[in-house]
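Right, one structure below, let's go through it.
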Amino acid sequence: MTGPVLAFIEHAGDEPDRLSLEALSVARGLAAALGAPLEALALGSAAASDALARALGAHGVQRVLAVEDPRLDTYAPVGWAAALRAAADDRSPAAVVAPGSDRGNEVLAHVAARTGLPMAANVLSIEPGATWRIVRQRWAGSLLEDAALDAPMRLFSVAPHAATAAEVGGAPAAVTPLAPLISDADLAVRVVRREARTGGGVSLTDAKVVVGGGRGVGSAEGFGKLEELAALLGGAVGGSRVVTSLGWRPHADQIGQTGLRIAPDLYIACGISGAIQHIVGCKSAKRILAINTDAESPIMAVADYAVIGDLGTIVPAISAEIQRRSA
Amino acid sequence: MNVLVCVKRVPQTGGRIVLTADKQAIDTKFLGFTISPHEECGVEEAVRIVEAQGGSSTVLTLGPAAAEDQLRDAMALGIDRAVLLETEGREWDPVSTAGAIAEAIQAQEAANGPFDLIIFGNEAADTGDFQVGVRVAVALGRPIVNGIKGLELRDGLAVARRDAAEGGSETYELRLPAVVGVKEGLNLPRYPSVPGRLRAKKKEVERIALGGSPAGALGLGAGEDAAAVGGSDIPGPTMLGLRLPAEEKTAAAVIGHGAEAAPAVVDLLERLGVLSR
């Protein structure tokens with residue numbers, strides 16, 4: 001009798017995060033392949049809420065293991081890992097599936113280190129069998145690795161945007177409370193202060209439209225035109241590694257291998273040549289529009305649409321046209 | 001303040017990745033090598049900490065003999081000492097890598113005194129395993145936080161800041177000795193000076209031969225529950241082969257040239273439903 005698939009869920013209050021819902025799609029497929037139930041661990045004050053059980057049930061989760069410890073409302077990697085270990089001890093899952101987020105990878109690594117189990121980060125697919133086969137990302141997705149993983153409990157994080165979150169119309173999940181012992185020592189490393197994003201507006205990871213700028217933008221001031229277009233579209237502005245290294249944009253806005261992976265409806269790449277390190281950060285966009293002087297630049301190979309020419313005149317012209325039509 | 005920074009030698013992949021015929025590795029015939037980008041910031045941070053607070057900086061890597069180049073690069077930027085855990089070239093899985101590094105750190109500390117701070121990159125650029133730093137920290141019984149883009153050492157604490165998923169940032173406080181996994185953006189690494197390069201050439205690299213068998217590194221760093229899973233850490237995952245992702249898209253549809261394309265672009269935005277009206 002195979003154990004369940006246990007998904008680790010990040011949730012803001014009673015709303016699961018996007019990356020967690022994407023990971024649930026992979027976990028659900030794995031549970032189906034194993035003929036095993038899909039269960040999910042939720043932490044903190046809202047863990048046992050009806051709304052969360054409904055939201056997770058809609059994505060195929062049959063049971064929520066709820067650790068309603070309000071101390072876990074604050075992120076503490078070891079404390080969260082202790083809760084995940086306790087859930088794993090209780091349920092003996094065949095596999096644990098976490099989102100490939102900063103927190104998901106970190107919590108899973110703590111579980112792996114403390115149990116002496118191997119862990120595969122940023123997987124795209126999982127095929128159970130006598131030996132489990134996985135496909136995982138290397139170089140942030142520029143390269144794929146076929147690998148084998150053998151362990152009594154398999155630990156996976158799912159690559160961001162590798163799967164699409166999908167409602168499957170399941171009934172609300174059953175809620176099973178869990179009360180693991182979590183010591184103060186487990187909470188010693190935790191978030192002690194938070195600072196809100198400056199500037200307001202939508203974040204790069206949530207934006208439906210992202211306007212990205214590269215070396216072709218020319219200067220920090222040149223980003224003003226991109227900001228204007230993004231504001232008209234209710235979107236956010238990001239940059240390539242070059243522009244954050246040059247200090248034209250803050251580092252938190254870098255899209256690419258060493259920065260953010262985004263998945264907006266539309267990515268408008270302005271003056272970005274398209275180094276592979278940037279492409280891995282933006283290729284999950286549904287559509288890419290490239291604005292570039294060079295019709296042969298590598299960005300054209302991943303773009304759906306292109307405007308050839310100087311972004312310094314094209315971007316303001318687009319903004320003006322939007323304003324003209326909405327006037 | 002004694003600081004250790006752990007780095008990894010990775011190929012410098014600019015454009016397309018090309019694989020070897022057996023699909024077991026990247027073909028590096030025409031590629032240079034570098035320190036993983038996150039770790040370049042780790043090296044810079046270690047140098048800055050020792051410049052500001054005194055003490056000593058050490059760089060450590062696990063890799064082939066040629067990884068000596070990356071250790072000398074780090075010393076050219078101002079790192080004092082270098083340790084090479086020399087493999088026979090085959091790639092080591094993250095469990096075995098962490099076990100060997102933890103063991104080497106304990107030996108270094110027994111010989112030269114404790115490290116107040118150990119710096120890892122958030123993840124290696126090539127394998128992206130997201131776990132070696134955490135495994136080493138747990139084996140050593142020290143606190144760790146990953147994804148660090150701001151670091152301050154004061155009053156026996158590492159005050160560490162990282163970007164929050166929802167935007168903005170979050171701060172952690174770790175009692176020293178501690179471990180951090182850092183990200184690019186932590187600082188802007190300096191370029192090596194000519195005298196720095198010359199000094200680095202003459203410095204010693206301490207070599208510790210690990211041989212070809214990662215299994216030899218197991219044992220130390222074993223999890224608390226090791227007995228439950230068979231006596232020691234289970235290595236893995238095992239790489240079977242590499243391949244390039246399928247190219248999903250072909251050529252972009254050119255919808256215009258210059259500013260005259262603006263109406264066509266806005267038509268497209270309307271069609272895609274991204275104009276909020």
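Residue names in the structure tokens use chain letters A, B, ... in the order shown, residue numbers from 1 in each chain, and ligand numbers from 1 in the order shown.
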Could I get the residues of chain A with an atom no further than 6 Å from an atom of chain B, each paired with its nearest atom pair and that distance in Å to one decimal, using only C-alpha atoms, sorted by chain and residue number, as JSON lines?
```
{"residue": "A:Ala109", "atom": "CA", "partner": "B:Gln131", "partner_atom": "CA", "distance": 5.1}
{"residue": "A:Ala113", "atom": "CA", "partner": "B:Arg135", "partner_atom": "CA", "distance": 4.8}
{"residue": "A:Arg114", "atom": "CA", "partner": "B:Gly223", "partner_atom": "CA", "distance": 4.5}
{"residue": "A:Thr115", "atom": "CA", "partner": "B:Gly223", "partner_atom": "CA", "distance": 4.8}
{"residue": "A:Gly116", "atom": "CA", "partner": "B:Gly223", "partner_atom": "CA", "distance": 4.2}
{"residue": "A:Leu117", "atom": "CA", "partner": "B:Ile234", "partner_atom": "CA", "distance": 5.5}
{"residue": "A:Pro118", "atom": "CA", "partner": "B:Gly236", "partner_atom": "CA", "distance": 5.2}
{"residue": "A:Ala121", "atom": "CA", "partner": "B:Asp129", "partner_atom": "CA", "distance": 5.5}
{"residue": "A:Arg138", "atom": "CA", "partner": "B:Thr127", "partner_atom": "CA", "distance": 5.0}
{"residue": "A:Trp139", "atom": "CA", "partner": "B:Asp126", "partner_atom": "CA", "distance": 4.8}
{"residue": "A:Leu143", "atom": "CA", "partner": "B:Leu244", "partner_atom": "CA", "distance": 5.0}
{"residue": "A:Leu144", "atom": "CA", "partner": "B:Arg243", "partner_atom": "CA", "distance": 5.2}
{"residue": "A:Glu145", "atom": "CA", "partner": "B:Leu242", "partner_atom": "CA", "distance": 4.6}
{"residue": "A:Asp146", "atom": "CA", "partner": "B:Gly241", "partner_atom": "CA", "distance": 5.3}
{"residue": "A:Ala147", "atom": "CA", "partner": "B:Met239", "partner_atom": "CA", "distance": 4.3}
{"residue": "A:Ala148", "atom": "CA", "partner": "B:Thr238", "partner_atom": "CA", "distance": 5.1}
{"residue": "A:Leu149", "atom": "CA", "partner": "B:Pro237", "partner_atom": "CA", "distance": 4.9}
{"residue": "A:Arg190", "atom": "CA", "partner": "B:Tyr172", "partner_atom": "CA", "distance": 5.8}
{"residue": "A:Val191", "atom": "CA", "partner": "B:Tyr172", "partner_atom": "CA", "distance": 5.0}
{"residue": "A:Val192", "atom": "CA", "partner": "B:Tyr172", "partner_atom": "CA", "distance": 5.6}
{"residue": "A:Arg193", "atom": "CA", "partner": "B:Thr171", "partner_atom": "CA", "distance": 5.1}
{"residue": "A:Arg194", "atom": "CA", "partner": "B:Glu170", "partner_atom": "CA", "distance": 4.4}
{"residue": "A:Glu195", "atom": "CA", "partner": "B:Ser169", "partner_atom": "CA", "distance": 5.2}
{"residue": "A:Ala196", "atom": "CA", "partner": "B:Gly168", "partner_atom": "CA", "distance": 4.5}
{"residue": "A:Arg197", "atom": "CA", "partner": "B:Gly168", "partner_atom": "CA", "distance": 3.7}
{"residue": "A:Leu233", "atom": "CA", "partner": "B:Leu275", "partner_atom": "CA", "distance": 5.9}
{"residue": "A:His251", "atom": "CA", "partner": "B:Gly185", "partner_atom": "CA", "distance": 5.4}
{"residue": "A:Met300", "atom": "CA", "partner": "B:Ala252", "partner_atom": "CA", "distance": 5.5}
{"residue": "A:Ala301", "atom": "CA", "partner": "B:Ala251", "partner_atom": "CA", "distance": 5.3}
{"residue": "A:Val302", "atom": "CA", "partner": "B:Lys249", "partner_atom": "CA", "distance": 5.7}
{"residue": "A:Ala303", "atom": "CA", "partner": "B:Ala252", "partner_atom": "CA", "distance": 5.1}
{"residue": "A:Asp304", "atom": "CA", "partner": "B:Ala252", "partner_atom": "CA", "distance": 4.5}
{"residue": "A:Tyr305", "atom": "CA", "partner": "B:Ala253", "partner_atom": "CA", "distance": 4.6}
{"residue": "A:Ala306", "atom": "CA", "partner": "B:Val254", "partner_atom": "CA", "distance": 4.6}
{"residue": "A:Val307", "atom": "CA", "partner": "B:Gly256", "partner_atom": "CA", "distance": 5.1}
{"residue": "A:Ile308", "atom": "CA", "partner": "B:His257", "partner_atom": "CA", "distance": 4.7}
{"residue": "A:Gly309", "atom": "CA", "partner": "B:Gly258", "partner_atom": "CA", "distance": 4.7}
{"residue": "A:Thr313", "atom": "CA", "partner": "B:Ala259", "partner_atom": "CA", "distance": 5.8}
{"residue": "A:Ile314", "atom": "CA", "partner": "B:Ala259", "partner_atom": "CA", "distance": 4.3}
{"residue": "A:Ala317", "atom": "CA", "partner": "B:Ala259", "partner_atom": "CA", "distance": 5.7}
{"residue": "A:Ile318", "atom": "CA", "partner": "B:Ala262", "partner_atom": "CA", "distance": 4.7}
```
| query | Skipping near chain neighbours, those fewer than 4 positions away, what residues fall within 12 Å of Gly13 of chain A using only C-alpha atoms, listed as a list in words? | reply | Ile9, Asp17, Ala42, Leu43, Gly44, Ser45, Ala46, Ala47, Ala48, Ser49, Asp50, Ala51, Leu52, Ala53, Ala55, Glu68, Pro70, Leu72, Asp73 and Thr74 of chain A
Deliver the residues from the most recent selection as a file, using C-alpha atoms, as a PDB file, in the first residue's frame.
```pdb
ATOM      1  CA  ILE A   9       1.467  24.652   0.455  1.00  0.00           C
ATOM      2  CA  ASP A  17       0.057  30.911  -3.674  1.00  0.00           C
ATOM      3  CA  ALA A  42      -1.016  24.089   5.615  1.00  0.00           C
ATOM      4  CA  LEU A  43       0.534  26.145   8.415  1.00  0.00           C
ATOM      5  CA  GLY A  44      -0.608  28.945  10.704  1.00  0.00           C
ATOM      6  CA  SER A  45      -3.834  30.597  11.865  1.00  0.00           C
ATOM      7  CA  ALA A  46      -5.742  30.025   8.601  1.00  0.00           C
ATOM      8  CA  ALA A  47      -4.560  26.426   8.088  1.00  0.00           C
ATOM      9  CA  ALA A  48      -7.884  24.839   9.059  1.00  0.00           C
ATOM     10  CA  SER A  49     -10.121  27.431   7.425  1.00  0.00           C
ATOM     11  CA  ASP A  50     -13.065  26.355   5.253  1.00  0.00           C
ATOM     12  CA  ALA A  51     -11.958  28.729   2.509  1.00  0.00           C
ATOM     13  CA  LEU A  52      -8.513  27.113   2.245  1.00  0.00           C
ATOM     14  CA  ALA A  53     -10.053  23.599   2.314  1.00  0.00           C
ATOM     15  CA  ALA A  55      -9.560  26.254  -2.554  1.00  0.00           C
ATOM     16  CA  GLU A  68      -2.927  25.830  13.373  1.00  0.00           C
ATOM     17  CA  PRO A  70      -0.095  31.013  15.081  1.00  0.00           C
ATOM     18  CA  LEU A  72       3.975  29.683  12.104  1.00  0.00           C
ATOM     19  CA  ASP A  73       2.216  32.724  10.586  1.00  0.00           C
ATOM     20  CA  THR A  74       5.731  34.154  10.576  1.00  0.00           C
TER      21      THR A  74
END
```
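Checking A:Glu221, A:Glu227, A:Glu321, A:Glu10 one by one against Leu41 of chain A, counting only C-alpha atoms, you find the shortest gap at A:Glu10.
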Please extract the residues of segment 60-264 of chain B with a backbone DSSP assignment of helix (DSSP H, G or I) and present them as a PDB file with N, CA and C atoms, in the first residue's frame.
```
ATOM      1  N   ALA B  65      40.925  19.294 -10.322  1.00  0.00           N
ATOM      2  CA  ALA B  65      42.177  20.016 -10.083  1.00  0.00           C
ATOM      3  C   ALA B  65      42.127  21.420 -10.679  1.00  0.00           C
ATOM      4  N   ALA B  66      41.461  21.551 -11.854  1.00  0.00           N
ATOM      5  CA  ALA B  66      41.423  22.840 -12.551  1.00  0.00           C
ATOM      6  C   ALA B  66      40.629  23.898 -11.783  1.00  0.00           C
ATOM      7  N   ALA B  67      39.868  23.486 -10.788  1.00  0.00           N
ATOM      8  CA  ALA B  67      39.107  24.460  -9.992  1.00  0.00           C
ATOM      9  C   ALA B  67      40.040  25.365  -9.195  1.00  0.00           C
ATOM     10  N   GLU B  68      41.327  25.019  -9.180  1.00  0.00           N
ATOM     11  CA  GLU B  68      42.340  25.892  -8.592  1.00  0.00           C
ATOM     12  C   GLU B  68      42.261  27.292  -9.219  1.00  0.00           C
ATOM     13  N   ASP B  69      41.922  27.361 -10.506  1.00  0.00           N
ATOM     14  CA  ASP B  69      41.806  28.667 -11.189  1.00  0.00           C
ATOM     15  C   ASP B  69      40.809  29.569 -10.473  1.00  0.00           C
ATOM     16  N   GLN B  70      39.661  28.995 -10.095  1.00  0.00           N
ATOM     17  CA  GLN B  70      38.615  29.796  -9.454  1.00  0.00           C
ATOM     18  C   GLN B  70      39.048  30.209  -8.044  1.00  0.00           C
ATOM     19  N   LEU B  71      39.818  29.340  -7.375  1.00  0.00           N
ATOM     20  CA  LEU B  71      40.325  29.709  -6.044  1.00  0.00           C
ATOM     21  C   LEU B  71      41.305  30.873  -6.175  1.00  0.00           C
ATOM     22  N   ARG B  72      42.145  30.841  -7.238  1.00  0.00           N
ATOM     23  CA  ARG B  72      43.099  31.947  -7.439  1.00  0.00           C
ATOM     24  C   ARG B  72      42.364  33.227  -7.834  1.00  0.00           C
ATOM     25  N   ASP B  73      41.279  33.082  -8.612  1.00  0.00           N
ATOM     26  CA  ASP B  73      40.460  34.266  -8.931  1.00  0.00           C
ATOM     27  C   ASP B  73      39.966  34.914  -7.642  1.00  0.00           C
ATOM     28  N   ALA B  74      39.516  34.092  -6.712  1.00  0.00           N
ATOM     29  CA  ALA B  74      38.992  34.628  -5.443  1.00  0.00           C
ATOM     30  C   ALA B  74      40.117  35.280  -4.637  1.00  0.00           C
ATOM     31  N   MET B  75      41.294  34.667  -4.657  1.00  0.00           N
ATOM     32  CA  MET B  75      42.426  35.239  -3.912  1.00  0.00           C
ATOM     33  C   MET B  75      42.896  36.539  -4.562  1.00  0.00           C
ATOM     34  N   ALA B  76      42.732  36.645  -5.887  1.00  0.00           N
ATOM     35  CA  ALA B  76      43.104  37.880  -6.581  1.00  0.00           C
ATOM     36  C   ALA B  76      42.225  39.043  -6.130  1.00  0.00           C
ATOM     37  N   PRO B  94      24.503  16.336  -4.651  1.00  0.00           N
ATOM     38  CA  PRO B  94      24.509  17.345  -3.580  1.00  0.00           C
ATOM     39  C   PRO B  94      24.664  16.771  -2.173  1.00  0.00           C
ATOM     40  N   VAL B  95      24.170  15.555  -1.938  1.00  0.00           N
ATOM     41  CA  VAL B  95      24.287  14.962  -0.601  1.00  0.00           C
ATOM     42  C   VAL B  95      25.759  14.674  -0.299  1.00  0.00           C
ATOM     43  N   SER B  96      26.449  14.058  -1.271  1.00  0.00           N
ATOM     44  CA  SER B  96      27.861  13.718  -1.075  1.00  0.00           C
ATOM     45  C   SER B  96      28.715  14.978  -0.995  1.00  0.00           C
ATOM     46  N   THR B  97      28.368  15.981  -1.823  1.00  0.00           N
ATOM     47  CA  THR B  97      29.106  17.243  -1.820  1.00  0.00           C
ATOM     48  C   THR B  97      29.011  17.896  -0.444  1.00  0.00           C
ATOM     49  N   ALA B  98      27.808  17.961   0.084  1.00  0.00           N
ATOM     50  CA  ALA B  98      27.617  18.610   1.384  1.00  0.00           C
ATOM     51  C   ALA B  98      28.346  17.840   2.481  1.00  0.00           C
ATOM     52  N   GLY B  99      28.311  16.514   2.410  1.00  0.00           N
ATOM     53  CA  GLY B  99      29.003  15.707   3.413  1.00  0.00           C
ATOM     54  C   GLY B  99      30.493  15.979   3.423  1.00  0.00           C
ATOM     55  N   ALA B 100      31.094  16.039   2.231  1.00  0.00           N
ATOM     56  CA  ALA B 100      32.537  16.270   2.123  1.00  0.00           C
ATOM     57  C   ALA B 100      32.899  17.681   2.584  1.00  0.00           C
ATOM     58  N   ILE B 101      32.060  18.669   2.238  1.00  0.00           N
ATOM     59  CA  ILE B 101      32.358  20.048   2.637  1.00  0.00           C
ATOM     60  C   ILE B 101      32.237  20.198   4.155  1.00  0.00           C
ATOM     61  N   ALA B 102      31.207  19.599   4.741  1.00  0.00           N
ATOM     62  CA  ALA B 102      31.033  19.699   6.195  1.00  0.00           C
ATOM     63  C   ALA B 102      32.230  19.086   6.921  1.00  0.00           C
ATOM     64  N   GLU B 103      32.679  17.949   6.414  1.00  0.00           N
ATOM     65  CA  GLU B 103      33.822  17.278   7.033  1.00  0.00           C
ATOM     66  C   GLU B 103      35.081  18.144   6.922  1.00  0.00           C
ATOM     67  N   ALA B 104      35.280  18.746   5.741  1.00  0.00           N
ATOM     68  CA  ALA B 104      36.457  19.593   5.527  1.00  0.00           C
ATOM     69  C   ALA B 104      36.409  20.832   6.420  1.00  0.00           C
ATOM     70  N   ILE B 105      35.223  21.397   6.606  1.00  0.00           N
ATOM     71  CA  ILE B 105      35.098  22.586   7.461  1.00  0.00           C
ATOM     72  C   ILE B 105      35.481  22.233   8.897  1.00  0.00           C
ATOM     73  N   GLN B 106      35.030  21.078   9.356  1.00  0.00           N
ATOM     74  CA  GLN B 106      35.377  20.681  10.717  1.00  0.00           C
ATOM     75  C   GLN B 106      36.884  20.509  10.866  1.00  0.00           C
ATOM     76  N   ALA B 107      37.527  19.947   9.854  1.00  0.00           N
ATOM     77  CA  ALA B 107      38.980  19.773   9.908  1.00  0.00           C
ATOM     78  C   ALA B 107      39.686  21.121   9.885  1.00  0.00           C
ATOM     79  N   GLN B 108      39.197  22.050   9.030  1.00  0.00           N
ATOM     80  CA  GLN B 108      39.785  23.393   8.960  1.00  0.00           C
ATOM     81  C   GLN B 108      39.651  24.103  10.299  1.00  0.00           C
ATOM     82  N   GLU B 109      38.495  23.981  10.915  1.00  0.00           N
ATOM     83  CA  GLU B 109      38.251  24.690  12.176  1.00  0.00           C
ATOM     84  C   GLU B 109      39.096  24.091  13.301  1.00  0.00           C
ATOM     85  N   ALA B 110      39.299  22.748  13.254  1.00  0.00           N
ATOM     86  CA  ALA B 110      40.134  22.108  14.275  1.00  0.00           C
ATOM     87  C   ALA B 110      41.571  22.617  14.162  1.00  0.00           C
ATOM     88  N   ALA B 111      42.024  22.871  12.926  1.00  0.00           N
ATOM     89  CA  ALA B 111      43.407  23.281  12.710  1.00  0.00           C
ATOM     90  C   ALA B 111      43.606  24.786  12.890  1.00  0.00           C
ATOM     91  N   ASN B 112      42.633  25.593  12.410  1.00  0.00           N
ATOM     92  CA  ASN B 112      42.867  27.047  12.317  1.00  0.00           C
ATOM     93  C   ASN B 112      41.884  27.890  13.117  1.00  0.00           C
ATOM     94  N   VAL B 132      22.892  22.399  -0.807  1.00  0.00           N
ATOM     95  CA  VAL B 132      24.199  22.075  -0.218  1.00  0.00           C
ATOM     96  C   VAL B 132      24.469  22.939   1.020  1.00  0.00           C
ATOM     97  N   GLY B 133      24.189  24.241   0.945  1.00  0.00           N
ATOM     98  CA  GLY B 133      24.422  25.128   2.091  1.00  0.00           C
ATOM     99  C   GLY B 133      23.607  24.708   3.302  1.00  0.00           C
ATOM    100  N   VAL B 134      22.346  24.378   3.085  1.00  0.00           N
ATOM    101  CA  VAL B 134      21.475  23.980   4.199  1.00  0.00           C
ATOM    102  C   VAL B 134      21.985  22.675   4.818  1.00  0.00           C
ATOM    103  N   ARG B 135      22.369  21.727   3.963  1.00  0.00           N
ATOM    104  CA  ARG B 135      22.859  20.449   4.504  1.00  0.00           C
ATOM    105  C   ARG B 135      24.122  20.657   5.342  1.00  0.00           C
ATOM    106  N   VAL B 136      25.029  21.524   4.869  1.00  0.00           N
ATOM    107  CA  VAL B 136      26.263  21.763   5.621  1.00  0.00           C
ATOM    108  C   VAL B 136      25.928  22.447   6.944  1.00  0.00           C
ATOM    109  N   ALA B 137      25.045  23.451   6.914  1.00  0.00           N
ATOM    110  CA  ALA B 137      24.681  24.166   8.140  1.00  0.00           C
ATOM    111  C   ALA B 137      24.061  23.212   9.159  1.00  0.00           C
ATOM    112  N   VAL B 138      23.189  22.336   8.694  1.00  0.00           N
ATOM    113  CA  VAL B 138      22.533  21.392   9.609  1.00  0.00           C
ATOM    114  C   VAL B 138      23.572  20.421  10.177  1.00  0.00           C
ATOM    115  N   ALA B 139      24.490  19.953   9.336  1.00  0.00           N
ATOM    116  CA  ALA B 139      25.536  19.034   9.811  1.00  0.00           C
ATOM    117  C   ALA B 139      26.403  19.698  10.875  1.00  0.00           C
ATOM    118  N   LEU B 140      26.639  21.021  10.711  1.00  0.00           N
ATOM    119  CA  LEU B 140      27.481  21.737  11.666  1.00  0.00           C
ATOM    120  C   LEU B 140      26.675  22.265  12.850  1.00  0.00           C
ATOM    121  N   VAL B 194      45.985  44.067 -10.997  1.00  0.00           N
ATOM    122  CA  VAL B 194      47.167  43.330 -11.452  1.00  0.00           C
ATOM    123  C   VAL B 194      48.007  42.858 -10.263  1.00  0.00           C
ATOM    124  N   PRO B 195      48.305  43.742  -9.275  1.00  0.00           N
ATOM    125  CA  PRO B 195      49.043  43.230  -8.102  1.00  0.00           C
ATOM    126  C   PRO B 195      48.287  42.120  -7.384  1.00  0.00           C
ATOM    127  N   GLY B 196      46.959  42.223  -7.352  1.00  0.00           N
ATOM    128  CA  GLY B 196      46.147  41.186  -6.723  1.00  0.00           C
ATOM    129  C   GLY B 196      46.339  39.860  -7.426  1.00  0.00           C
ATOM    130  N   ARG B 197      46.320  39.895  -8.761  1.00  0.00           N
ATOM    131  CA  ARG B 197      46.518  38.662  -9.536  1.00  0.00           C
ATOM    132  C   ARG B 197      47.906  38.074  -9.283  1.00  0.00           C
ATOM    133  N   LEU B 198      48.916  38.956  -9.224  1.00  0.00           N
ATOM    134  CA  LEU B 198      50.285  38.465  -9.012  1.00  0.00           C
ATOM    135  C   LEU B 198      50.418  37.830  -7.630  1.00  0.00           C
ATOM    136  N   ARG B 199      49.821  38.479  -6.634  1.00  0.00           N
ATOM    137  CA  ARG B 199      49.859  37.918  -5.274  1.00  0.00           C
ATOM    138  C   ARG B 199      49.176  36.557  -5.231  1.00  0.00           C
ATOM    139  N   ALA B 200      48.023  36.470  -5.912  1.00  0.00           N
ATOM    140  CA  ALA B 200      47.238  35.237  -5.883  1.00  0.00           C
ATOM    141  C   ALA B 200      48.005  34.076  -6.504  1.00  0.00           C
ATOM    142  N   LYS B 201      48.831  34.402  -7.526  1.00  0.00           N
ATOM    143  CA  LYS B 201      49.605  33.368  -8.213  1.00  0.00           C
ATOM    144  C   LYS B 201      50.571  32.683  -7.260  1.00  0.00           C
ATOM    145  N   LYS B 202      51.115  33.476  -6.320  1.00  0.00           N
ATOM    146  CA  LYS B 202      52.161  32.948  -5.436  1.00  0.00           C
ATOM    147  C   LYS B 202      51.586  32.260  -4.205  1.00  0.00           C
ATOM    148  N   PRO B 214      32.236   9.404  -4.307  1.00  0.00           N
ATOM    149  CA  PRO B 214      31.489  10.247  -3.390  1.00  0.00           C
ATOM    150  C   PRO B 214      31.063   9.507  -2.131  1.00  0.00           C
ATOM    151  N   ALA B 215      30.855   8.194  -2.229  1.00  0.00           N
ATOM    152  CA  ALA B 215      30.369   7.438  -1.078  1.00  0.00           C
ATOM    153  C   ALA B 215      31.322   7.565   0.104  1.00  0.00           C
ATOM    154  N   GLY B 216      32.609   7.794  -0.185  1.00  0.00           N
ATOM    155  CA  GLY B 216      33.590   7.943   0.881  1.00  0.00           C
ATOM    156  C   GLY B 216      33.319   9.142   1.757  1.00  0.00           C
ATOM    157  N   ALA B 217      32.533  10.083   1.222  1.00  0.00           N
ATOM    158  CA  ALA B 217      32.278  11.317   1.963  1.00  0.00           C
ATOM    159  C   ALA B 217      31.079  11.173   2.887  1.00  0.00           C
ATOM    160  N   ALA B 226      18.987   9.318  10.667  1.00  0.00           N
ATOM    161  CA  ALA B 226      19.713   8.485   9.716  1.00  0.00           C
ATOM    162  C   ALA B 226      19.410   7.000   9.906  1.00  0.00           C
ATOM    163  N   ALA B 227      19.304   6.576  11.159  1.00  0.00           N
ATOM    164  CA  ALA B 227      19.081   5.155  11.421  1.00  0.00           C
ATOM    165  C   ALA B 227      17.794   4.676  10.751  1.00  0.00           C
ATOM    166  N   ALA B 228      16.804   5.554  10.723  1.00  0.00           N
ATOM    167  CA  ALA B 228      15.503   5.178  10.181  1.00  0.00           C
ATOM    168  C   ALA B 228      15.566   4.939   8.675  1.00  0.00           C
ATOM    169  N   VAL B 229      16.547   5.505   8.010  1.00  0.00           N
ATOM    170  CA  VAL B 229      16.587   5.364   6.564  1.00  0.00           C
ATOM    171  C   VAL B 229      17.807   4.574   6.112  1.00  0.00           C
ATOM    172  N   ALA B 259       8.223  54.065 -34.910  1.00  0.00           N
ATOM    173  CA  ALA B 259       7.077  54.617 -34.180  1.00  0.00           C
ATOM    174  C   ALA B 259       5.768  54.428 -34.942  1.00  0.00           C
ATOM    175  N   GLU B 260       5.847  54.286 -36.288  1.00  0.00           N
ATOM    176  CA  GLU B 260       4.621  54.109 -37.086  1.00  0.00           C
ATOM    177  C   GLU B 260       3.895  52.810 -36.723  1.00  0.00           C
ATOM    178  N   ALA B 261       4.613  51.902 -36.045  1.00  0.00           N
ATOM    179  CA  ALA B 261       3.999  50.620 -35.680  1.00  0.00           C
ATOM    180  C   ALA B 261       3.063  50.743 -34.481  1.00  0.00           C
ATOM    181  N   ALA B 262       3.049  51.921 -33.827  1.00  0.00           N
ATOM    182  CA  ALA B 262       2.295  52.062 -32.572  1.00  0.00           C
ATOM    183  C   ALA B 262       0.827  51.641 -32.687  1.00  0.00           C
ATOM    184  N   PRO B 263       0.071  52.104 -33.728  1.00  0.00           N
ATOM    185  CA  PRO B 263      -1.329  51.675 -33.807  1.00  0.00           C
ATOM    186  C   PRO B 263      -1.474  50.154 -33.913  1.00  0.00           C
ATOM    187  N   ALA B 264      -0.584  49.505 -34.678  1.00  0.00           N
ATOM    188  CA  ALA B 264      -0.644  48.052 -34.816  1.00  0.00           C
ATOM    189  C   ALA B 264      -0.348  47.372 -33.475  1.00  0.00           C
TER     190      ALA B 264
END
```
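Counting from atom CA of Val67 of chain A, the distance to atom CA of His161 of chain A is 27.3 Å.
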| In segment 47-249 of chain B, what's strand (DSSP E or B) per DSSP? Answer as an NGL selection string? | :B and (56-63 or 81-87 or 117-121 or 144-154 or 157-163 or 169-175 or 178-182 or 205-211 or 238-243)
